[in-house]
Amino acid sequence: MPDLPATPPDDDALDPRTSTRSTPSADDPEQSVDAAHTSRPARPARRTVLTAAVPAAAAVVGLTALTAPRPASLGEPAGDEQLTDALAPHLGGHRRVAAILVEDGQARVAGFGTGEGAELEGSEFEIGSVSKTFTGALLAVAVERGELATETTVAEVLGAEAEGSAIADVILAELATHSSGLPRLASAAAGGGSILAGLLRKDPYRGRDAQQVIADALDETPSGRGEHAYSNLAVALEGQLLATAANTDYATLLTERILEPLGMTSTYAPITAENLRETARRGHGTSGLRQGMWTMDGSAPAGGIRSTPADMTRYLTAMIDGSAPGAEAATEVLFEENEASSTAMNWFLEDFGSGQPITWHNGMTGGYAAFVGWDPSSGRGLALLSDTARSLDELAVGVLTGEVAL
């Protein structure tokens with residue numbers, strides 16, 4: 001665990017979809033704050049961080065001496081040399097990084113500070129809100145199996161438990177597209193405890209299990225339903241409803257329906273710190289200080305998965321060619337905001353100016369950042385994983401649109 005008081009969630013992240021929306025912090029389950037609307041960026045300035053709250057300025061000032069910046073040094077390159085040469089100039093402020101590039105169905109893997117070969121492929125990273133895409137895949141699988149529909153309501157899954165709740169008639173499609181009207185974080189979980197956890201560089205989601213997350217959501221009153229407003233609570237509830245409908249828990253459902261069929265044996269949702277594997281490592285905030293590992297307990301469906309370059313290669317390749325369980329999650333559009341931006345089942349589809357929509361999601365926890373996406377028209381895909389909570393979005397979109405030469 002950290003030996004110094006933690007830095008607050010390092011910076012406010014933007015809504016994963018566009019900076020014309022609310023701004024979560026680095027990845028979304030981790031931290032997000034509403035911000036004034038700005039003009040649509042050329043890149044996704046929408047880092048979705050799971051930061052639970054932005055601490056008060058006074059508290060931050062009080063910890064200044066303990067959170068002074070620690071210079072980052074990008075680790076030694078490994079793997080595909082052409083890829084490391086192309087990416088290194090864009091990775092200032094990062095330390096340990098893994099990159100997977102897929103072209104014509106073939107993957108190239110590179111890393112920095114990861115070691116070579118099996119060590120590179122087995123390096124474990126928190127993937128933050130990229131976890132939401134796995135929850136989307138679970139929804140698609142449940143629909144395909146006839147267990148649920150995207151129009152299934154909260155009440156239809158929970159029965160009497162949802163009686164009297166203002167979200168009883170919210171449907172799964174709304175949860176999967178951030179249009180349910182639920183807040184970014186549960187009101188009951190966004191108080192002083194989350195702020196203190198951020199200051200202490202610990203997981204701000206710990207201690208609220210699946211049943212508590214469901215109860216928290218049922219206590220909310222939707223606001224702005226039908227409009228896009230990034231919500232970690234909504235996706236956490238989505239995942240827990242899927243598990244409830246299948247009479248199991250989220251981690252087991254994820255393993256049985258997505259991870260095992262893809263051979264992703266090194267990917268898992270630990271749920272609590274006791275289930276972390278020996279391969280788990282703490283990441284770094286943008287200040288350079290080490291952060292506590294996030295397992296996110298009942299909010300794991302929104303950002304609690306850990307994975308490796310080898311496994312993310314399997315996932316990305318199978319999503320691109322459509323062979324992954326629940327691959328329809330990335331293609332079945334459930335919410336259209338405008339002609340350039342829409343949402344499938346927890347995947348964003350957006351034209352960043354190239355004339356072709358990119359399918360993508362990003363993520364950030366207290367000490368990690370991630371991006372996974374591809375251009376369906378070309379088949380080029382990219383996954384970037386870093387153990388520093390610093391956005392990878394601009395670089396990733398540049399690679400996918402061809403603006404960053406490889």
# chains A, B, ... in the order shown; residues from 1 in each chain; ligands from 1
>>> closest_atom_pairs(of="region 185-259 of chain A", to="region 137-154 of chain A", cutoff="12 Å", atoms="only C-alpha atoms", output="CSV")
residue,atom,partner,partner_atom,distance
A:Ile214,CA,A:Val154,CA,9.9
A:Ala215,CA,A:Val154,CA,11.8
A:Ala217,CA,A:Val154,CA,10.2
A:Leu218,CA,A:Val154,CA,9.0
A:Ala234,CA,A:Val154,CA,11.1
A:Val235,CA,A:Leu139,CA,10.8
A:Leu237,CA,A:Val154,CA,9.1
A:Glu238,CA,A:Leu139,CA,8.3
A:Gly239,CA,A:Leu138,CA,8.0
A:Gln240,CA,A:Val154,CA,10.6
A:Leu241,CA,A:Val154,CA,7.5
A:Leu242,CA,A:Leu139,CA,6.8
A:Ala243,CA,A:Leu138,CA,9.2
A:Thr244,CA,A:Val154,CA,10.8
A:Ala245,CA,A:Glu147,CA,7.6
A:Ala246,CA,A:Glu147,CA,8.0
A:Asn247,CA,A:Glu147,CA,11.4
A:Tyr250,CA,A:Leu138,CA,9.7
A:Ala251,CA,A:Leu138,CA,11.2
A:Thr252,CA,A:Leu138,CA,11.5
A:Leu253,CA,A:Leu138,CA,7.9
A:Leu254,CA,A:Leu138,CA,7.1
A:Thr255,CA,A:Leu138,CA,10.3
A:Glu256,CA,A:Leu138,CA,10.2
A:Arg257,CA,A:Leu138,CA,7.1
A:Ile258,CA,A:Leu138,CA,7.3
A:Leu259,CA,A:Leu138,CA,10.6
>>> select_by_dssp(residues="region 85-234 of chain A", states="alpha helix (DSSP H)", output="PyMOL selection string")
chain A and resi 85-87+117-121+131-144+154-158+172-176+192-199+210-218+232-234
>>> residues_around(residues="His94 (chain A)", least_positions_apart="5", cutoff="9 Å", atoms="only C-alpha atoms", output="list of chain:residue names")
A:Ala72, A:Ser73, A:Leu74, A:Gly75, A:His284, A:Thr286, A:Ser386, A:Asp387, A:Thr388, A:Ala389, A:Arg390
>>> closest_residue(among="A:Gln106, A:Asn346, A:Thr267, A:Ser179", to="Met312 (chain A)", atoms="only C-alpha atoms")
A:Thr267
>>> residues_around(residues="Leu262 (chain A)", least_positions_apart="5", cutoff="8 Å", atoms="only C-alpha atoms", output="list of chain:residue names")
A:Arg314, A:Tyr315, A:Ala324, A:Pro325
>>> atom_distance(atom1="CA of Arg95 (chain A)", atom2="CA of Val372 (chain A)")
18.8 Å
>>> residues_around(residues="Asp321 (chain A)", least_positions_apart="5", cutoff="9 Å", atoms="only C-alpha atoms", output="PDB file with N, CA, C and O atoms, in the first residue's frame")
ATOM      1  N   GLY A 105      -5.378  -8.436 -39.794  1.00  0.00           N
ATOM      2  CA  GLY A 105      -5.549  -9.612 -38.949  1.00  0.00           C
ATOM      3  C   GLY A 105      -4.297 -10.066 -38.229  1.00  0.00           C
ATOM      4  O   GLY A 105      -4.340 -11.036 -37.478  1.00  0.00           O
ATOM      5  N   LEU A 316      -8.675  -7.736 -28.892  1.00  0.00           N
ATOM      6  CA  LEU A 316      -8.763  -6.761 -29.973  1.00  0.00           C
ATOM      7  C   LEU A 316      -8.922  -7.447 -31.322  1.00  0.00           C
ATOM      8  O   LEU A 316      -9.778  -7.059 -32.133  1.00  0.00           O
ATOM      9  N   ALA A 327     -19.408  -9.861 -29.823  1.00  0.00           N
ATOM     10  CA  ALA A 327     -18.810  -8.866 -30.723  1.00  0.00           C
ATOM     11  C   ALA A 327     -19.840  -7.860 -31.229  1.00  0.00           C
ATOM     12  O   ALA A 327     -19.495  -6.727 -31.591  1.00  0.00           O
ATOM     13  N   GLY A 379      -9.637  -2.027 -40.772  1.00  0.00           N
ATOM     14  CA  GLY A 379      -9.248  -3.169 -39.956  1.00  0.00           C
ATOM     15  C   GLY A 379      -8.062  -2.893 -39.062  1.00  0.00           C
ATOM     16  O   GLY A 379      -7.628  -3.769 -38.313  1.00  0.00           O
TER      17      GLY A 379
END
>>> select_by_dssp(residues="region 279-340 of chain A", states="strand (DSSP E)", output="number ranges by chain")
A: 306-307, 335-338
>>> residues_around(residues="Thr359 (chain A)", least_positions_apart="3", cutoff="7 Å", atoms="only C-alpha atoms", output="list in words")
Trp347, Phe348, Leu349, Glu350, Gly373, Trp374 and Asp375 of chain A
>>> write_last_selection(atoms="all heavy atoms", output="mmCIF file, in the first residue's frame")
data_model
loop_
_atom_site.group_PDB
_atom_site.id
_atom_site.type_symbol
_atom_site.label_atom_id
_atom_site.label_comp_id
_atom_site.auth_asym_id
_atom_site.auth_seq_id
_atom_site.Cartn_x
_atom_site.Cartn_y
_atom_site.Cartn_z
ATOM 1 N N TRP A 347 -19.564 0.714 -26.294
ATOM 2 C CA TRP A 347 -18.520 1.128 -27.224
ATOM 3 C C TRP A 347 -18.938 2.452 -27.859
ATOM 4 O O TRP A 347 -20.110 2.640 -28.179
ATOM 5 C CB TRP A 347 -18.317 0.105 -28.347
ATOM 6 C CG TRP A 347 -17.539 -1.116 -27.985
ATOM 7 C CD1 TRP A 347 -18.035 -2.346 -27.668
ATOM 8 C CD2 TRP A 347 -16.114 -1.240 -27.948
ATOM 9 N NE1 TRP A 347 -17.020 -3.228 -27.419
ATOM 10 C CE2 TRP A 347 -15.819 -2.581 -27.588
ATOM 11 C CE3 TRP A 347 -15.050 -0.354 -28.180
ATOM 12 C CZ2 TRP A 347 -14.511 -3.057 -27.446
ATOM 13 C CZ3 TRP A 347 -13.750 -0.824 -28.037
ATOM 14 C CH2 TRP A 347 -13.489 -2.160 -27.676
ATOM 15 N N PHE A 348 -17.977 3.339 -28.087
ATOM 16 C CA PHE A 348 -18.236 4.600 -28.765
ATOM 17 C C PHE A 348 -17.832 4.482 -30.230
ATOM 18 O O PHE A 348 -16.802 3.890 -30.562
ATOM 19 C CB PHE A 348 -17.447 5.733 -28.112
ATOM 20 C CG PHE A 348 -17.792 5.921 -26.667
ATOM 21 C CD1 PHE A 348 -16.811 5.823 -25.688
ATOM 22 C CD2 PHE A 348 -19.087 6.171 -26.275
ATOM 23 C CE1 PHE A 348 -17.119 5.988 -24.343
ATOM 24 C CE2 PHE A 348 -19.414 6.342 -24.933
ATOM 25 C CZ PHE A 348 -18.431 6.241 -23.971
ATOM 26 N N LEU A 349 -18.641 5.040 -31.108
ATOM 27 C CA LEU A 349 -18.334 5.091 -32.538
ATOM 28 C C LEU A 349 -18.295 6.564 -32.920
ATOM 29 O O LEU A 349 -19.291 7.269 -32.772
ATOM 30 C CB LEU A 349 -19.396 4.361 -33.362
ATOM 31 C CG LEU A 349 -19.416 2.825 -33.296
ATOM 32 C CD1 LEU A 349 -19.945 2.336 -31.945
ATOM 33 C CD2 LEU A 349 -20.267 2.263 -34.412
ATOM 34 N N GLU A 350 -17.137 6.998 -33.394
ATOM 35 C CA GLU A 350 -17.004 8.429 -33.637
ATOM 36 C C GLU A 350 -16.063 8.729 -34.795
ATOM 37 O O GLU A 350 -15.031 8.092 -34.972
ATOM 38 C CB GLU A 350 -16.491 9.112 -32.376
ATOM 39 C CG GLU A 350 -16.509 10.607 -32.480
ATOM 40 C CD GLU A 350 -16.691 11.255 -31.120
ATOM 41 O OE1 GLU A 350 -16.739 10.522 -30.128
ATOM 42 O OE2 GLU A 350 -16.788 12.487 -31.069
ATOM 43 N N GLY A 373 -9.188 0.494 -29.583
ATOM 44 C CA GLY A 373 -10.073 0.936 -30.653
ATOM 45 C C GLY A 373 -9.610 0.436 -32.004
ATOM 46 O O GLY A 373 -8.510 -0.108 -32.144
ATOM 47 N N TRP A 374 -10.460 0.635 -33.009
ATOM 48 C CA TRP A 374 -10.090 0.241 -34.362
ATOM 49 C C TRP A 374 -10.940 0.993 -35.381
ATOM 50 O O TRP A 374 -11.997 1.539 -35.065
ATOM 51 C CB TRP A 374 -10.238 -1.268 -34.558
ATOM 52 C CG TRP A 374 -11.635 -1.810 -34.499
ATOM 53 C CD1 TRP A 374 -12.493 -2.033 -35.540
ATOM 54 C CD2 TRP A 374 -12.351 -2.226 -33.317
ATOM 55 N NE1 TRP A 374 -13.686 -2.556 -35.094
ATOM 56 C CE2 TRP A 374 -13.628 -2.686 -33.735
ATOM 57 C CE3 TRP A 374 -12.045 -2.245 -31.955
ATOM 58 C CZ2 TRP A 374 -14.575 -3.156 -32.836
ATOM 59 C CZ3 TRP A 374 -12.988 -2.720 -31.062
ATOM 60 C CH2 TRP A 374 -14.233 -3.164 -31.511
ATOM 61 N N ASP A 375 -10.421 1.001 -36.596
ATOM 62 C CA ASP A 375 -11.129 1.591 -37.734
ATOM 63 C C ASP A 375 -11.763 0.438 -38.507
ATOM 64 O O ASP A 375 -11.063 -0.327 -39.170
ATOM 65 C CB ASP A 375 -10.140 2.355 -38.617
ATOM 66 C CG ASP A 375 -10.801 2.985 -39.839
ATOM 67 O OD1 ASP A 375 -11.967 2.652 -40.146
ATOM 68 O OD2 ASP A 375 -10.144 3.802 -40.508
#
>>> atom_distance(atom1="CA of Val170 (chain A)", atom2="CA of Gly304 (chain A)")
23.8 Å
>>> residues_around(residues="Ala210 (chain A)", least_positions_apart="2", cutoff="6 Å", atoms="only C-alpha atoms", output="PyMOL selection string")
chain A and resi 212-213+298
>>> write_last_selection(atoms="all heavy atoms", output="PDB file, in the first residue's frame")
ATOM      1  N   GLN A 212     -24.725  -3.459  -2.646  1.00  0.00           N
ATOM      2  CA  GLN A 212     -24.735  -2.052  -2.269  1.00  0.00           C
ATOM      3  C   GLN A 212     -24.806  -1.165  -3.502  1.00  0.00           C
ATOM      4  O   GLN A 212     -25.486  -0.135  -3.511  1.00  0.00           O
ATOM      5  CB  GLN A 212     -23.491  -1.711  -1.465  1.00  0.00           C
ATOM      6  CG  GLN A 212     -23.506  -0.299  -0.891  1.00  0.00           C
ATOM      7  CD  GLN A 212     -24.654  -0.079   0.071  1.00  0.00           C
ATOM      8  OE1 GLN A 212     -24.727  -0.739   1.109  1.00  0.00           O
ATOM      9  NE2 GLN A 212     -25.575   0.821  -0.259  1.00  0.00           N
ATOM     10  N   VAL A 213     -24.101  -1.544  -4.570  1.00  0.00           N
ATOM     11  CA  VAL A 213     -24.153  -0.777  -5.819  1.00  0.00           C
ATOM     12  C   VAL A 213     -25.575  -0.773  -6.379  1.00  0.00           C
ATOM     13  O   VAL A 213     -26.074   0.266  -6.833  1.00  0.00           O
ATOM     14  CB  VAL A 213     -23.155  -1.358  -6.846  1.00  0.00           C
ATOM     15  CG1 VAL A 213     -23.429  -0.807  -8.248  1.00  0.00           C
ATOM     16  CG2 VAL A 213     -21.729  -1.021  -6.429  1.00  0.00           C
ATOM     17  N   GLY A 298     -18.075  -3.778  -6.087  1.00  0.00           N
ATOM     18  CA  GLY A 298     -19.310  -3.888  -6.861  1.00  0.00           C
ATOM     19  C   GLY A 298     -19.352  -3.039  -8.100  1.00  0.00           C
ATOM     20  O   GLY A 298     -20.199  -3.247  -8.976  1.00  0.00           O
TER      21      GLY A 298
END
>>> closest_residue(among="A:Thr365, A:Gln356, A:Thr221, A:Ser377", to="Ala300 (chain A)", atoms="only C-alpha atoms")
A:Thr365
>>> atom_distance(atom1="CA of Ser299 (chain A)", atom2="CA of Gln211 (chain A)")
10.3 Å
>>> closest_residue(among="A:Asp351, A:Asp209, A:Asp311, A:Asp169", to="Ala118 (chain A)", atoms="only C-alpha atoms")
A:Asp311
>>> closest_residue(among="A:Ala99, A:Gly402, A:Ser378, A:His228", to="Asn338 (chain A)", atoms="only C-alpha atoms")
A:His228
>>> closest_residue(among="A:Ala229, A:Ala107, A:Met293, A:Leu334", to="Ile127 (chain A)", atoms="only C-alpha atoms")
A:Met293
>>> closest_residue(among="A:Thr401, A:Thr343, A:Asn232, A:Ser323", to="Leu185 (chain A)", atoms="only C-alpha atoms")
A:Asn232
>>> decode(residues="region 108-122 of chain A", atoms="all heavy atoms", output="PDB file, in the first residue's frame")
ATOM      1  N   ARG A 108       1.134  -6.904 -33.988  1.00  0.00           N
ATOM      2  CA  ARG A 108       2.508  -6.577 -33.602  1.00  0.00           C
ATOM      3  C   ARG A 108       2.458  -6.028 -32.180  1.00  0.00           C
ATOM      4  O   ARG A 108       1.602  -5.208 -31.854  1.00  0.00           O
ATOM      5  CB  ARG A 108       3.099  -5.533 -34.551  1.00  0.00           C
ATOM      6  CG  ARG A 108       3.253  -6.034 -35.982  1.00  0.00           C
ATOM      7  CD  ARG A 108       3.275  -4.868 -36.974  1.00  0.00           C
ATOM      8  NE  ARG A 108       4.304  -3.879 -36.674  1.00  0.00           N
ATOM      9  CZ  ARG A 108       4.368  -2.679 -37.272  1.00  0.00           C
ATOM     10  NH1 ARG A 108       3.454  -2.346 -38.182  1.00  0.00           N
ATOM     11  NH2 ARG A 108       5.320  -1.831 -36.960  1.00  0.00           N
ATOM     12  N   VAL A 109       3.374  -6.495 -31.334  1.00  0.00           N
ATOM     13  CA  VAL A 109       3.359  -6.110 -29.925  1.00  0.00           C
ATOM     14  C   VAL A 109       4.685  -5.459 -29.559  1.00  0.00           C
ATOM     15  O   VAL A 109       5.753  -5.917 -29.952  1.00  0.00           O
ATOM     16  CB  VAL A 109       3.115  -7.336 -29.019  1.00  0.00           C
ATOM     17  CG1 VAL A 109       3.078  -6.915 -27.547  1.00  0.00           C
ATOM     18  CG2 VAL A 109       1.819  -8.032 -29.409  1.00  0.00           C
ATOM     19  N   ALA A 110       4.600  -4.370 -28.819  1.00  0.00           N
ATOM     20  CA  ALA A 110       5.794  -3.660 -28.375  1.00  0.00           C
ATOM     21  C   ALA A 110       5.587  -3.194 -26.946  1.00  0.00           C
ATOM     22  O   ALA A 110       4.461  -3.151 -26.436  1.00  0.00           O
ATOM     23  CB  ALA A 110       6.077  -2.469 -29.283  1.00  0.00           C
ATOM     24  N   GLY A 111       6.676  -2.862 -26.289  1.00  0.00           N
ATOM     25  CA  GLY A 111       6.557  -2.387 -24.921  1.00  0.00           C
ATOM     26  C   GLY A 111       7.718  -1.497 -24.540  1.00  0.00           C
ATOM     27  O   GLY A 111       8.724  -1.389 -25.249  1.00  0.00           O
ATOM     28  N   PHE A 112       7.560  -0.845 -23.397  1.00  0.00           N
ATOM     29  CA  PHE A 112       8.613  -0.032 -22.795  1.00  0.00           C
ATOM     30  C   PHE A 112       8.633  -0.368 -21.311  1.00  0.00           C
ATOM     31  O   PHE A 112       7.606  -0.298 -20.637  1.00  0.00           O
ATOM     32  CB  PHE A 112       8.326   1.462 -22.987  1.00  0.00           C
ATOM     33  CG  PHE A 112       8.271   1.908 -24.412  1.00  0.00           C
ATOM     34  CD1 PHE A 112       7.075   1.867 -25.113  1.00  0.00           C
ATOM     35  CD2 PHE A 112       9.418   2.362 -25.056  1.00  0.00           C
ATOM     36  CE1 PHE A 112       7.015   2.277 -26.434  1.00  0.00           C
ATOM     37  CE2 PHE A 112       9.367   2.770 -26.382  1.00  0.00           C
ATOM     38  CZ  PHE A 112       8.164   2.727 -27.079  1.00  0.00           C
ATOM     39  N   GLY A 113       9.780  -0.797 -20.821  1.00  0.00           N
ATOM     40  CA  GLY A 113       9.885  -1.137 -19.418  1.00  0.00           C
ATOM     41  C   GLY A 113       9.175  -2.419 -19.037  1.00  0.00           C
ATOM     42  O   GLY A 113       8.940  -2.686 -17.855  1.00  0.00           O
ATOM     43  N   THR A 114       8.842  -3.230 -20.006  1.00  0.00           N
ATOM     44  CA  THR A 114       8.078  -4.459 -19.771  1.00  0.00           C
ATOM     45  C   THR A 114       8.933  -5.712 -19.786  1.00  0.00           C
ATOM     46  O   THR A 114       8.469  -6.780 -19.371  1.00  0.00           O
ATOM     47  CB  THR A 114       7.009  -4.632 -20.858  1.00  0.00           C
ATOM     48  OG1 THR A 114       7.659  -4.624 -22.139  1.00  0.00           O
ATOM     49  CG2 THR A 114       5.987  -3.506 -20.812  1.00  0.00           C
ATOM     50  N   GLY A 115      10.153  -5.597 -20.305  1.00  0.00           N
ATOM     51  CA  GLY A 115      10.929  -6.786 -20.568  1.00  0.00           C
ATOM     52  C   GLY A 115      10.554  -7.355 -21.924  1.00  0.00           C
ATOM     53  O   GLY A 115       9.608  -6.890 -22.570  1.00  0.00           O
ATOM     54  N   GLU A 116      11.289  -8.355 -22.378  1.00  0.00           N
ATOM     55  CA  GLU A 116      11.074  -8.936 -23.700  1.00  0.00           C
ATOM     56  C   GLU A 116      10.225 -10.205 -23.646  1.00  0.00           C
ATOM     57  O   GLU A 116       9.990 -10.768 -22.583  1.00  0.00           O
ATOM     58  CB  GLU A 116      12.433  -9.281 -24.334  1.00  0.00           C
ATOM     59  CG  GLU A 116      13.325  -8.093 -24.629  1.00  0.00           C
ATOM     60  CD  GLU A 116      12.969  -7.390 -25.928  1.00  0.00           C
ATOM     61  OE1 GLU A 116      12.020  -7.834 -26.601  1.00  0.00           O
ATOM     62  OE2 GLU A 116      13.649  -6.403 -26.265  1.00  0.00           O
ATOM     63  N   GLY A 117       9.762 -10.623 -24.812  1.00  0.00           N
ATOM     64  CA  GLY A 117       9.127 -11.923 -24.964  1.00  0.00           C
ATOM     65  C   GLY A 117       7.958 -12.174 -24.036  1.00  0.00           C
ATOM     66  O   GLY A 117       7.025 -11.384 -23.941  1.00  0.00           O
ATOM     67  N   ALA A 118       8.026 -13.294 -23.314  1.00  0.00           N
ATOM     68  CA  ALA A 118       6.930 -13.685 -22.428  1.00  0.00           C
ATOM     69  C   ALA A 118       6.709 -12.670 -21.322  1.00  0.00           C
ATOM     70  O   ALA A 118       5.576 -12.467 -20.853  1.00  0.00           O
ATOM     71  CB  ALA A 118       7.218 -15.063 -21.820  1.00  0.00           C
ATOM     72  N   GLU A 119       7.770 -12.011 -20.904  1.00  0.00           N
ATOM     73  CA  GLU A 119       7.634 -11.003 -19.852  1.00  0.00           C
ATOM     74  C   GLU A 119       6.813  -9.820 -20.353  1.00  0.00           C
ATOM     75  O   GLU A 119       5.957  -9.290 -19.631  1.00  0.00           O
ATOM     76  CB  GLU A 119       9.012 -10.539 -19.390  1.00  0.00           C
ATOM     77  CG  GLU A 119       8.968  -9.677 -18.143  1.00  0.00           C
ATOM     78  CD  GLU A 119      10.345  -9.302 -17.640  1.00  0.00           C
ATOM     79  OE1 GLU A 119      11.351  -9.705 -18.265  1.00  0.00           O
ATOM     80  OE2 GLU A 119      10.418  -8.587 -16.620  1.00  0.00           O
ATOM     81  N   LEU A 120       7.060  -9.407 -21.590  1.00  0.00           N
ATOM     82  CA  LEU A 120       6.271  -8.333 -22.206  1.00  0.00           C
ATOM     83  C   LEU A 120       4.815  -8.759 -22.341  1.00  0.00           C
ATOM     84  O   LEU A 120       3.899  -8.042 -21.923  1.00  0.00           O
ATOM     85  CB  LEU A 120       6.850  -7.985 -23.577  1.00  0.00           C
ATOM     86  CG  LEU A 120       5.948  -7.233 -24.573  1.00  0.00           C
ATOM     87  CD1 LEU A 120       5.484  -5.897 -23.994  1.00  0.00           C
ATOM     88  CD2 LEU A 120       6.685  -7.018 -25.890  1.00  0.00           C
ATOM     89  N   GLU A 121       4.588  -9.906 -22.903  1.00  0.00           N
ATOM     90  CA  GLU A 121       3.221 -10.362 -23.168  1.00  0.00           C
ATOM     91  C   GLU A 121       2.432 -10.615 -21.889  1.00  0.00           C
ATOM     92  O   GLU A 121       1.196 -10.517 -21.888  1.00  0.00           O
ATOM     93  CB  GLU A 121       3.257 -11.627 -24.027  1.00  0.00           C
ATOM     94  CG  GLU A 121       3.812 -11.368 -25.423  1.00  0.00           C
ATOM     95  CD  GLU A 121       3.663 -12.562 -26.335  1.00  0.00           C
ATOM     96  OE1 GLU A 121       3.306 -13.654 -25.834  1.00  0.00           O
ATOM     97  OE2 GLU A 121       3.900 -12.417 -27.541  1.00  0.00           O
ATOM     98  N   GLY A 122       3.130 -10.906 -20.798  1.00  0.00           N
ATOM     99  CA  GLY A 122       2.442 -11.203 -19.552  1.00  0.00           C
ATOM    100  C   GLY A 122       2.389 -10.055 -18.567  1.00  0.00           C
ATOM    101  O   GLY A 122       1.934 -10.232 -17.429  1.00  0.00           O
TER     102      GLY A 122
END
